[in-house]
Number of protein chains: 2
Amino acid sequence: MSAADEPATLGDINEDGLLAGIFPGLPTSDRVLIGPGDDAALLQVRTGATLATTDTMVLNRDWRDEWSTGYDVGHKLVTQNVADVAAMGGRCTGLLVTLVADAATSLTWVRAFNDGLCQAAVDAGTAVLGGDLSSAPVGVRMVSITALGEFEAGVSPVRRSGARVGDVVAVSGGLGRAAAGLLLLQRGREQDAPHLVDFQRRPVTDYAQGPAAARSGATAMLDISDGLVRDAGRIAAASGVLLAIDDAVLRSDVDDLAPYVGDQARQCVLAGGEEHTLLATFPSQSVPAGWRVIGSVEAGSGVTVGGEQHSGGGWDHFSA
Amino acid sequence: MSAADEPATLGDINEDGLLAGIFPGLPTSDRVLIGPGDDAALLQVRTGATLATTDTMVLNRDWRDEWSTGYDVGHKLVTQNVADVAAMGGRCTGLLVTLVADAATSLTWVRAFNDGLCQAAVDAGTAVLGGDLSSAPVGVRMVSITALGEFEAGVSPVRRSGARVGDVVAVSGGLGRAAAGLLLLQRGREQDAPHLVDFQRRPVTDYAQGPAAARSGATAMLDISDGLVRDAGRIAAASGVLLAIDDAVLRSDVDDLAPYVGDQARQCVLAGGEEHTLLATFPSQSVPAGWRVIGSVEAGSGVTVGGEQHSGGGWDHFSA
């Protein structure tokens, strides 16, 4: 306990007490038949199937407390999970949240984390169904979400494997911003471009572009988690095609970042992860509003940028 | 790499390669419309709603590598999640699996973990839908599952809040075995009772008793994760009643353990966690086969054992 006997860390309170204080403020919806606090939640499913995906963030791997607040972490965790649902063409209907933390973790951090995830859940129009709270060894903290989702009536899932020769490649938003923001944090130059640093801390995806792409006939889709070329390579591999990215079209993305990160701008655009912009392929006449064509689908394998085969780089969790 | 250039750790391979090797062997079912490898899985839901629950295990908090193999950890992780679905009266239909581990983690451990979880998933009649693989700082390892489930036709969810005065309290299996096994491991006496140590490493729950209890009219139910008295207290609190546990009925449970853990046997039975036996309340004429009455529901609050108010003990993640 702190001097004032006000609980200050997870170790100062019991977990049932903490959860009882958090549950009433969690966003809910009329689909939540049983919410947090029982052995399992019960979520209404209206269209005969549920999407399910999960993604984790680990302290000092996926965020640093010096650079990101608890609010940022909660917000980003929601974004990366809901983006996965959107990348199938679905809409997120519920989230399960896991926090694994040591007893010395401050309640201020926990509450900020909860505030960030709740705000992001509200922004995504989704509910928090429940989750798990577990203790960790000193200095270890991990957060994880499982997102559930559904398709609107008439929308079919968009997988990674449907890209066809003759399709175009398109993105629903910017490129390289999160990576550029990370570079600025690493260089201690966050004041140079607060908009990029904010995007690194709390990336924003236009989730509605996922269902919109599905309705428009997208043949393959994912969200850019590990870098444009690396993720494009996943569509290429799953679909048995080559994704040819037009270098000239990316010039504006590079130019947007170059004032802040100099000659690293192109690398940010091609290999920057954590962007969560949607990347999809479409029949060439079917690109919906809000999407930007950056290349084409050709016979072959792998990814080219400006005609040159590109091995990708980007993020691999276990590489050095 | 090892001397023979055979990959030996997570750091020796790339994550896409590891996953490509694991995916084909994962248990599936005709409900799995889209399985592992895309942004999200798609699981058929036949009865209009899905149960969802998640539970995590952390190295050196929830298991020790000296005492439990990767196989044990994967198996136990499935059990504790599927037991949560059963404790609502449901049947598990799919699992998402998360592994967070450092690059030095041996592939042998990872494969054993996968084998244990797959075997337990097959035993539970459920599919592995996908999951997440993330890296952790040196020495950190965490595994997590989200379980989805459904009710059979005509079965309604059993919550914690429905216990009524006049109901009986019953359990679907043994008590204190996992805690006794842990004591033996702590004492270096595992050879004294391998059956208890095995139960600690790989607890077994008769999941079918969950839907059976629901069909029989169970008024409240959960699985014993944190100790009989502590978990009974959760039903008492949620239902606004007192659960009176009959000390004499527990005598046989204590006697079963006493030869191995001596005077700790009673504490194991009352406060031992990780047991995953189901605990439920029923109208007195409705106890199904396979359940054992251990007490009654009375007016009041909290839990009594042999007539004495009992504060519980049991497991709280953040207490000292």
# chains A, B, ... in the order shown; residues from 1 in each chain; ligands from 1

$ residues_around --residues "Leu184 of chain A" --least-positions-apart "4" --cutoff "10 Å" --atoms "only C-alpha atoms" --output "list of chain:residue names"
A:Ala178, A:Ala179, A:Ala180, A:Gly188, A:Arg189, A:Glu190, A:Gln191, A:Asp192, A:Ala193, A:Pro194, A:Leu196, A:Val197, A:Gln200, A:Tyr260, A:Val261

$ select_by_dssp --residues "segment 191-295 of chain B" --states "strand (DSSP E)" --output "JSON, numbers by chain"
{"B": [220, 221, 222, 223, 242, 243, 244, 245, 278, 279, 280, 281, 282, 292, 293, 294, 295]}

$ write_last_selection --atoms "all heavy atoms" --output "CSV table (one decimal), in the first residue's frame"
chain,number,residue,atom,x,y,z
B,220,ALA,N,-27.3,-23.1,-10.8
B,220,ALA,CA,-26.0,-22.3,-10.9
B,220,ALA,C,-24.9,-23.3,-11.1
B,220,ALA,O,-25.0,-24.5,-10.7
B,220,ALA,CB,-25.8,-21.5,-9.6
B,221,MET,N,-23.9,-22.9,-11.7
B,221,MET,CA,-22.7,-23.8,-12.0
B,221,MET,C,-21.5,-23.0,-12.3
B,221,MET,O,-21.5,-21.9,-12.9
B,221,MET,CB,-23.1,-24.8,-13.1
B,221,MET,CG,-22.0,-25.8,-13.4
B,221,MET,SD,-22.7,-27.3,-14.3
B,221,MET,CE,-23.4,-26.6,-15.7
B,222,LEU,N,-20.3,-23.6,-11.9
B,222,LEU,CA,-19.0,-23.1,-12.4
B,222,LEU,C,-18.1,-24.3,-12.2
B,222,LEU,O,-18.4,-25.4,-11.8
B,222,LEU,CB,-18.5,-21.9,-11.6
B,222,LEU,CG,-18.6,-21.9,-10.0
B,222,LEU,CD1,-17.8,-23.0,-9.4
B,222,LEU,CD2,-18.2,-20.5,-9.5
B,223,ASP,N,-16.8,-24.2,-12.7
B,223,ASP,CA,-15.8,-25.2,-12.5
B,223,ASP,C,-14.9,-24.7,-11.4
B,223,ASP,O,-14.6,-23.5,-11.3
B,223,ASP,CB,-15.1,-25.6,-13.7
B,223,ASP,CG,-14.1,-24.6,-14.2
B,223,ASP,OD1,-14.6,-23.4,-14.5
B,223,ASP,OD2,-12.9,-24.9,-14.3
B,242,LEU,N,-26.5,-18.4,0.9
B,242,LEU,CA,-25.4,-19.0,1.6
B,242,LEU,C,-25.3,-20.5,1.1
B,242,LEU,O,-26.3,-21.2,0.9
B,242,LEU,CB,-25.7,-19.0,3.1
B,242,LEU,CG,-24.7,-19.7,4.0
B,242,LEU,CD1,-24.7,-18.9,5.4
B,242,LEU,CD2,-24.9,-21.2,4.2
B,243,LEU,N,-24.1,-20.9,0.8
B,243,LEU,CA,-23.8,-22.3,0.4
B,243,LEU,C,-23.3,-23.0,1.7
B,243,LEU,O,-22.2,-22.7,2.2
B,243,LEU,CB,-22.9,-22.4,-0.8
B,243,LEU,CG,-23.6,-22.6,-2.1
B,243,LEU,CD1,-24.4,-21.4,-2.4
B,243,LEU,CD2,-22.6,-22.8,-3.2
B,244,ALA,N,-24.0,-24.0,2.2
B,244,ALA,CA,-23.6,-24.7,3.4
B,244,ALA,C,-23.1,-26.0,3.0
B,244,ALA,O,-23.8,-26.9,2.5
B,244,ALA,CB,-24.8,-24.9,4.3
B,245,ILE,N,-21.8,-26.2,3.2
B,245,ILE,CA,-21.1,-27.5,2.7
B,245,ILE,C,-21.0,-28.4,3.9
B,245,ILE,O,-20.7,-28.0,5.0
B,245,ILE,CB,-19.7,-27.1,2.1
B,245,ILE,CG1,-20.0,-26.4,0.8
B,245,ILE,CG2,-19.0,-28.4,1.9
B,245,ILE,CD1,-18.7,-25.8,0.2
B,278,LEU,N,-16.8,-29.8,-11.8
B,278,LEU,CA,-17.9,-28.8,-11.8
B,278,LEU,C,-18.6,-28.8,-10.5
B,278,LEU,O,-18.8,-29.8,-9.8
B,278,LEU,CB,-18.9,-29.2,-12.9
B,278,LEU,CG,-18.3,-29.3,-14.4
B,278,LEU,CD1,-19.3,-29.8,-15.4
B,278,LEU,CD2,-17.8,-28.0,-14.8
B,279,LEU,N,-19.0,-27.6,-10.1
B,279,LEU,CA,-19.7,-27.4,-8.8
B,279,LEU,C,-21.1,-26.7,-9.2
B,279,LEU,O,-21.0,-25.7,-9.9
B,279,LEU,CB,-18.9,-26.4,-7.9
B,279,LEU,CG,-19.6,-25.9,-6.7
B,279,LEU,CD1,-19.8,-27.0,-5.6
B,279,LEU,CD2,-18.8,-24.7,-6.1
B,280,ALA,N,-22.2,-27.3,-8.8
B,280,ALA,CA,-23.5,-26.8,-9.2
B,280,ALA,C,-24.5,-26.9,-8.1
B,280,ALA,O,-24.3,-27.6,-7.1
B,280,ALA,CB,-24.0,-27.5,-10.5
B,281,THR,N,-25.6,-26.1,-8.3
B,281,THR,CA,-26.7,-26.2,-7.4
B,281,THR,C,-27.9,-26.7,-8.2
B,281,THR,O,-28.1,-26.4,-9.4
B,281,THR,CB,-27.1,-24.9,-6.7
B,281,THR,OG1,-27.3,-23.9,-7.8
B,281,THR,CG2,-25.9,-24.4,-5.8
B,282,PHE,N,-28.7,-27.6,-7.5
B,282,PHE,CA,-29.9,-28.2,-8.2
B,282,PHE,C,-31.1,-28.2,-7.3
B,282,PHE,O,-30.9,-28.3,-6.0
B,282,PHE,CB,-29.6,-29.7,-8.5
B,282,PHE,CG,-28.5,-30.0,-9.4
B,282,PHE,CD1,-27.2,-30.2,-8.9
B,282,PHE,CD2,-28.7,-30.1,-10.8
B,282,PHE,CE1,-26.1,-30.5,-9.8
B,282,PHE,CE2,-27.7,-30.4,-11.7
B,282,PHE,CZ,-26.4,-30.6,-11.2
B,292,ARG,N,-22.5,-35.7,-7.0
B,292,ARG,CA,-22.5,-36.1,-5.5
B,292,ARG,C,-22.9,-34.8,-4.7
B,292,ARG,O,-22.3,-33.8,-4.9
B,292,ARG,CB,-21.1,-36.4,-5.2
B,292,ARG,CG,-20.8,-37.0,-3.8
B,292,ARG,CD,-19.4,-37.7,-3.8
B,292,ARG,NE,-18.4,-36.8,-4.3
B,292,ARG,CZ,-17.4,-36.3,-3.6
B,292,ARG,NH1,-17.3,-36.6,-2.3
B,292,ARG,NH2,-16.4,-35.5,-4.1
B,293,VAL,N,-23.9,-35.0,-3.9
B,293,VAL,CA,-24.4,-33.8,-3.1
B,293,VAL,C,-23.4,-33.6,-1.9
B,293,VAL,O,-23.0,-34.5,-1.2
B,293,VAL,CB,-25.8,-34.1,-2.5
B,293,VAL,CG1,-26.2,-33.0,-1.6
B,293,VAL,CG2,-26.8,-34.2,-3.7
B,294,ILE,N,-23.0,-32.3,-1.8
B,294,ILE,CA,-22.0,-32.0,-0.7
B,294,ILE,C,-22.6,-30.9,0.2
B,294,ILE,O,-21.8,-30.4,1.0
B,294,ILE,CB,-20.6,-31.6,-1.3
B,294,ILE,CG1,-20.7,-30.3,-2.1
B,294,ILE,CG2,-20.0,-32.7,-2.1
B,294,ILE,CD1,-19.4,-29.6,-2.4
B,295,GLY,N,-23.8,-30.5,0.0
B,295,GLY,CA,-24.3,-29.4,0.8
B,295,GLY,C,-25.6,-28.9,0.4
B,295,GLY,O,-26.3,-29.5,-0.5

$ select_by_dssp --residues "segment 141-301 of chain B" --states "helix (DSSP H, G or I)" --output "PyMOL selection string"
chain B and resi 177-187+190-192+194-201+209-216+228-239+247-271

$ closest_residue --among "A:Val204, A:Ala20, A:Val45, A:Leu107" --to "chain B" --atoms "only C-alpha atoms"
A:Val45

$ calpha_fit_rmsd --fixed "chain B" --moving "chain A"
0.0 Å

$ decode --residues "segment 124-166 of chain A" --atoms "N, CA and C atoms" --output "PDB file, in the first residue's frame"
ATOM      1  N   ALA A 124     -15.150   1.244 -32.544  1.00  0.00           N
ATOM      2  CA  ALA A 124     -15.341   0.145 -33.495  1.00  0.00           C
ATOM      3  C   ALA A 124     -16.765  -0.407 -33.441  1.00  0.00           C
ATOM      4  N   GLY A 125     -17.586   0.121 -32.553  1.00  0.00           N
ATOM      5  CA  GLY A 125     -18.962  -0.344 -32.430  1.00  0.00           C
ATOM      6  C   GLY A 125     -19.075  -1.751 -31.889  1.00  0.00           C
ATOM      7  N   THR A 126     -18.156  -2.115 -31.016  1.00  0.00           N
ATOM      8  CA  THR A 126     -18.163  -3.487 -30.519  1.00  0.00           C
ATOM      9  C   THR A 126     -18.219  -3.520 -28.992  1.00  0.00           C
ATOM     10  N   ALA A 127     -18.499  -4.703 -28.449  1.00  0.00           N
ATOM     11  CA  ALA A 127     -18.675  -4.895 -27.013  1.00  0.00           C
ATOM     12  C   ALA A 127     -17.478  -5.621 -26.409  1.00  0.00           C
ATOM     13  N   VAL A 128     -17.251  -5.392 -25.115  1.00  0.00           N
ATOM     14  CA  VAL A 128     -16.270  -6.181 -24.378  1.00  0.00           C
ATOM     15  C   VAL A 128     -17.035  -7.262 -23.605  1.00  0.00           C
ATOM     16  N   LEU A 129     -16.732  -8.518 -23.918  1.00  0.00           N
ATOM     17  CA  LEU A 129     -17.504  -9.657 -23.413  1.00  0.00           C
ATOM     18  C   LEU A 129     -16.970 -10.203 -22.109  1.00  0.00           C
ATOM     19  N   GLY A 130     -15.682  -9.983 -21.831  1.00  0.00           N
ATOM     20  CA  GLY A 130     -15.069 -10.588 -20.653  1.00  0.00           C
ATOM     21  C   GLY A 130     -13.594 -10.764 -20.927  1.00  0.00           C
ATOM     22  N   GLY A 131     -12.965 -11.689 -20.204  1.00  0.00           N
ATOM     23  CA  GLY A 131     -11.546 -11.889 -20.423  1.00  0.00           C
ATOM     24  C   GLY A 131     -10.895 -12.638 -19.283  1.00  0.00           C
ATOM     25  N   ASP A 132      -9.631 -12.363 -19.073  1.00  0.00           N
ATOM     26  CA  ASP A 132      -8.862 -13.088 -18.067  1.00  0.00           C
ATOM     27  C   ASP A 132      -7.805 -12.154 -17.493  1.00  0.00           C
ATOM     28  N   LEU A 133      -7.578 -12.313 -16.191  1.00  0.00           N
ATOM     29  CA  LEU A 133      -6.571 -11.517 -15.485  1.00  0.00           C
ATOM     30  C   LEU A 133      -5.639 -12.504 -14.816  1.00  0.00           C
ATOM     31  N   SER A 134      -4.341 -12.419 -15.130  1.00  0.00           N
ATOM     32  CA  SER A 134      -3.385 -13.370 -14.567  1.00  0.00           C
ATOM     33  C   SER A 134      -2.139 -12.640 -14.112  1.00  0.00           C
ATOM     34  N   SER A 135      -1.452 -13.254 -13.168  1.00  0.00           N
ATOM     35  CA  SER A 135      -0.231 -12.632 -12.661  1.00  0.00           C
ATOM     36  C   SER A 135       0.975 -13.141 -13.429  1.00  0.00           C
ATOM     37  N   ALA A 136       2.031 -12.328 -13.438  1.00  0.00           N
ATOM     38  CA  ALA A 136       3.252 -12.635 -14.179  1.00  0.00           C
ATOM     39  C   ALA A 136       4.451 -12.405 -13.273  1.00  0.00           C
ATOM     40  N   PRO A 137       5.598 -12.971 -13.630  1.00  0.00           N
ATOM     41  CA  PRO A 137       6.830 -12.666 -12.903  1.00  0.00           C
ATOM     42  C   PRO A 137       7.144 -11.158 -12.999  1.00  0.00           C
ATOM     43  N   VAL A 138       7.978 -10.693 -12.093  1.00  0.00           N
ATOM     44  CA  VAL A 138       8.324  -9.272 -12.024  1.00  0.00           C
ATOM     45  C   VAL A 138       8.796  -8.763 -13.388  1.00  0.00           C
ATOM     46  N   GLY A 139       8.250  -7.654 -13.816  1.00  0.00           N
ATOM     47  CA  GLY A 139       8.687  -7.000 -15.045  1.00  0.00           C
ATOM     48  C   GLY A 139       8.012  -7.502 -16.303  1.00  0.00           C
ATOM     49  N   VAL A 140       7.162  -8.518 -16.179  1.00  0.00           N
ATOM     50  CA  VAL A 140       6.498  -9.084 -17.357  1.00  0.00           C
ATOM     51  C   VAL A 140       5.075  -8.535 -17.447  1.00  0.00           C
ATOM     52  N   ARG A 141       4.690  -8.067 -18.624  1.00  0.00           N
ATOM     53  CA  ARG A 141       3.313  -7.638 -18.838  1.00  0.00           C
ATOM     54  C   ARG A 141       2.920  -7.978 -20.263  1.00  0.00           C
ATOM     55  N   MET A 142       1.742  -8.568 -20.426  1.00  0.00           N
ATOM     56  CA  MET A 142       1.251  -8.952 -21.749  1.00  0.00           C
ATOM     57  C   MET A 142      -0.228  -8.666 -21.815  1.00  0.00           C
ATOM     58  N   VAL A 143      -0.674  -8.253 -22.959  1.00  0.00           N
ATOM     59  CA  VAL A 143      -2.103  -8.018 -23.155  1.00  0.00           C
ATOM     60  C   VAL A 143      -2.517  -8.713 -24.456  1.00  0.00           C
ATOM     61  N   SER A 144      -3.720  -9.215 -24.450  1.00  0.00           N
ATOM     62  CA  SER A 144      -4.173 -10.012 -25.585  1.00  0.00           C
ATOM     63  C   SER A 144      -5.665  -9.802 -25.768  1.00  0.00           C
ATOM     64  N   ILE A 145      -6.100  -9.840 -27.004  1.00  0.00           N
ATOM     65  CA  ILE A 145      -7.536  -9.774 -27.283  1.00  0.00           C
ATOM     66  C   ILE A 145      -7.902 -10.896 -28.243  1.00  0.00           C
ATOM     67  N   THR A 146      -9.077 -11.484 -28.013  1.00  0.00           N
ATOM     68  CA  THR A 146      -9.725 -12.284 -29.038  1.00  0.00           C
ATOM     69  C   THR A 146     -10.923 -11.488 -29.532  1.00  0.00           C
ATOM     70  N   ALA A 147     -11.001 -11.281 -30.833  1.00  0.00           N
ATOM     71  CA  ALA A 147     -12.119 -10.559 -31.439  1.00  0.00           C
ATOM     72  C   ALA A 147     -13.028 -11.534 -32.174  1.00  0.00           C
ATOM     73  N   LEU A 148     -14.329 -11.380 -31.969  1.00  0.00           N
ATOM     74  CA  LEU A 148     -15.339 -12.153 -32.692  1.00  0.00           C
ATOM     75  C   LEU A 148     -16.064 -11.221 -33.654  1.00  0.00           C
ATOM     76  N   GLY A 149     -16.545 -11.758 -34.749  1.00  0.00           N
ATOM     77  CA  GLY A 149     -17.208 -10.895 -35.716  1.00  0.00           C
ATOM     78  C   GLY A 149     -18.151 -11.663 -36.615  1.00  0.00           C
ATOM     79  N   GLU A 150     -18.888 -10.891 -37.385  1.00  0.00           N
ATOM     80  CA  GLU A 150     -19.863 -11.468 -38.315  1.00  0.00           C
ATOM     81  C   GLU A 150     -19.821 -10.721 -39.638  1.00  0.00           C
ATOM     82  N   PHE A 151     -20.434 -11.332 -40.635  1.00  0.00           N
ATOM     83  CA  PHE A 151     -20.628 -10.674 -41.918  1.00  0.00           C
ATOM     84  C   PHE A 151     -22.024 -10.080 -41.974  1.00  0.00           C
ATOM     85  N   GLU A 152     -22.120  -8.914 -42.596  1.00  0.00           N
ATOM     86  CA  GLU A 152     -23.456  -8.391 -42.901  1.00  0.00           C
ATOM     87  C   GLU A 152     -24.129  -9.314 -43.911  1.00  0.00           C
ATOM     88  N   ALA A 153     -25.435  -9.240 -43.970  1.00  0.00           N
ATOM     89  CA  ALA A 153     -26.176 -10.090 -44.904  1.00  0.00           C
ATOM     90  C   ALA A 153     -25.631  -9.900 -46.318  1.00  0.00           C
ATOM     91  N   GLY A 154     -25.384 -10.962 -46.997  1.00  0.00           N
ATOM     92  CA  GLY A 154     -24.964 -10.900 -48.392  1.00  0.00           C
ATOM     93  C   GLY A 154     -23.467 -10.735 -48.588  1.00  0.00           C
ATOM     94  N   VAL A 155     -22.716 -10.577 -47.512  1.00  0.00           N
ATOM     95  CA  VAL A 155     -21.265 -10.424 -47.634  1.00  0.00           C
ATOM     96  C   VAL A 155     -20.591 -11.773 -47.391  1.00  0.00           C
ATOM     97  N   SER A 156     -19.686 -12.143 -48.277  1.00  0.00           N
ATOM     98  CA  SER A 156     -18.944 -13.400 -48.132  1.00  0.00           C
ATOM     99  C   SER A 156     -17.534 -13.104 -47.640  1.00  0.00           C
ATOM    100  N   PRO A 157     -16.940 -14.070 -46.931  1.00  0.00           N
ATOM    101  CA  PRO A 157     -15.583 -13.854 -46.430  1.00  0.00           C
ATOM    102  C   PRO A 157     -14.582 -13.663 -47.559  1.00  0.00           C
ATOM    103  N   VAL A 158     -13.617 -12.769 -47.324  1.00  0.00           N
ATOM    104  CA  VAL A 158     -12.531 -12.547 -48.287  1.00  0.00           C
ATOM    105  C   VAL A 158     -11.263 -13.144 -47.684  1.00  0.00           C
ATOM    106  N   ARG A 159     -10.753 -14.168 -48.341  1.00  0.00           N
ATOM    107  CA  ARG A 159      -9.573 -14.851 -47.840  1.00  0.00           C
ATOM    108  C   ARG A 159      -8.317 -14.291 -48.493  1.00  0.00           C
ATOM    109  N   ARG A 160      -7.180 -14.888 -48.197  1.00  0.00           N
ATOM    110  CA  ARG A 160      -5.931 -14.443 -48.811  1.00  0.00           C
ATOM    111  C   ARG A 160      -5.678 -15.134 -50.147  1.00  0.00           C
ATOM    112  N   SER A 161      -6.462 -16.135 -50.438  1.00  0.00           N
ATOM    113  CA  SER A 161      -6.110 -17.061 -51.505  1.00  0.00           C
ATOM    114  C   SER A 161      -6.828 -16.812 -52.824  1.00  0.00           C
ATOM    115  N   GLY A 162      -7.600 -15.727 -52.933  1.00  0.00           N
ATOM    116  CA  GLY A 162      -8.442 -15.575 -54.122  1.00  0.00           C
ATOM    117  C   GLY A 162      -7.926 -14.618 -55.182  1.00  0.00           C
ATOM    118  N   ALA A 163      -6.725 -14.050 -54.999  1.00  0.00           N
ATOM    119  CA  ALA A 163      -6.223 -13.089 -55.996  1.00  0.00           C
ATOM    120  C   ALA A 163      -6.010 -13.776 -57.339  1.00  0.00           C
ATOM    121  N   ARG A 164      -6.443 -13.120 -58.441  1.00  0.00           N
ATOM    122  CA  ARG A 164      -6.348 -13.720 -59.775  1.00  0.00           C
ATOM    123  C   ARG A 164      -5.548 -12.825 -60.711  1.00  0.00           C
ATOM    124  N   VAL A 165      -4.863 -13.440 -61.620  1.00  0.00           N
ATOM    125  CA  VAL A 165      -4.099 -12.673 -62.610  1.00  0.00           C
ATOM    126  C   VAL A 165      -5.040 -11.700 -63.318  1.00  0.00           C
ATOM    127  N   GLY A 166      -4.618 -10.445 -63.397  1.00  0.00           N
ATOM    128  CA  GLY A 166      -5.464  -9.409 -63.991  1.00  0.00           C
ATOM    129  C   GLY A 166      -6.124  -8.521 -62.954  1.00  0.00           C
TER     130      GLY A 166
END
